[in-house]
Amino acid sequence: MNKIVEGVLVFFGICLALLGAVFLIAGSVEFLLIGAVLVLIAIVMFYFVYRIEKIEATKPTQIQQTFNVKMDGSGTFDAREMKCKSCGAPITAKDLTVIQGGISAKCSFCGAIFAMEEAPKW
């Protein structure tokens, strides 16, 4: 709900509550009834604004964020040719497959299958 409408409802609720309190202080039976009705209307208005705020607070809000990530290595990166461990033939990208999170290679020349291992960084 619009914040301006909520502010107006709270303002009129306060006015009605104060007016109801004045009628309740007056003391006669007619005024007691009018004052009680005015205070009850003010309470209903406050409850309405409270419920609307609570409903609005539970709704998810979409937040848009932009991340600029620059990935750099700690050293120089050299392109290396992958070779078969059995026959030494070059391994191409079409020979590689991902199996259970690891990369395995099948040599297109000798048919050997082996897991690709990352060389240590040190």
# chains A, B, ... in the order shown; residues from 1 in each chain; ligands from 1
>>> residues_around(residues="Leu18 of chain A", least_positions_apart="6", cutoff="10 Å", atoms="only C-alpha atoms", output="ChimeraX atom specification")
/A:12,24,35,38-39,42
>>> residues_around(residues="segment 86-100 of chain A", least_positions_apart="6", cutoff="7 Å", atoms="only C-alpha atoms", output="compact mmCIF listing (two decimals) with C-alpha atoms, in the first residue's frame")
# COMPACT_ATOMS: atom_id res chain seq x y z
CA LYS A 106 40.42 -41.16 -24.51
CA CYS A 107 43.24 -41.30 -26.97
CA SER A 108 41.92 -41.31 -30.53
CA PHE A 109 45.02 -43.21 -31.73
CA CYS A 110 45.61 -46.04 -29.23
CA ALA A 112 43.78 -45.61 -23.91
>>> select_by_dssp(residues="chain A", states="alpha helix (DSSP H)", output="MDAnalysis selection string")
chainID A and resid 3:26 29:58
>>> atom_distance(atom1="atom CA of Val44 of chain A", atom2="atom CA of Phe23 of chain A")
18.1 Å
>>> atom_distance(atom1="atom CA of Arg51 of chain A", atom2="atom CA of Leu16 of chain A")
19.2 Å
>>> residues_around(residues="segment 3-8 of chain A", least_positions_apart="6", cutoff="12 Å", atoms="only C-alpha atoms", output="JSON, numbers by chain")
{"A": [14, 15, 45, 46, 47, 48, 49, 50, 51, 52, 53, 56]}
>>> residues_around(residues="Gly102 of chain A", least_positions_apart="6", cutoff="12 Å", atoms="only C-alpha atoms", output="compact mmCIF listing (two decimals) with C-alpha atoms, in the first residue's frame")
# COMPACT_ATOMS: atom_id res chain seq x y z
CA LEU A 96 37.86 -35.10 -23.31
CA PHE A 114 43.04 -42.01 -18.46
CA ALA A 115 42.12 -39.23 -16.02
CA MET A 116 43.51 -35.76 -16.60
CA GLU A 117 45.38 -34.42 -13.58
CA GLU A 118 46.27 -30.84 -12.85
>>> closest_residue(among="A:Gln64, A:Ile43, A:Glu30, A:Gly111", to="Val10 of chain A", atoms="only C-alpha atoms")
A:Ile43
>>> closest_residue(among="A:Lys59, A:Ile34, A:Arg80, A:Gly101", to="Ala17 of chain A", atoms="only C-alpha atoms")
A:Ile34
>>> atom_distance(atom1="atom CA of Phe11 of chain A", atom2="atom CA of Ile41 of chain A")
12.8 Å
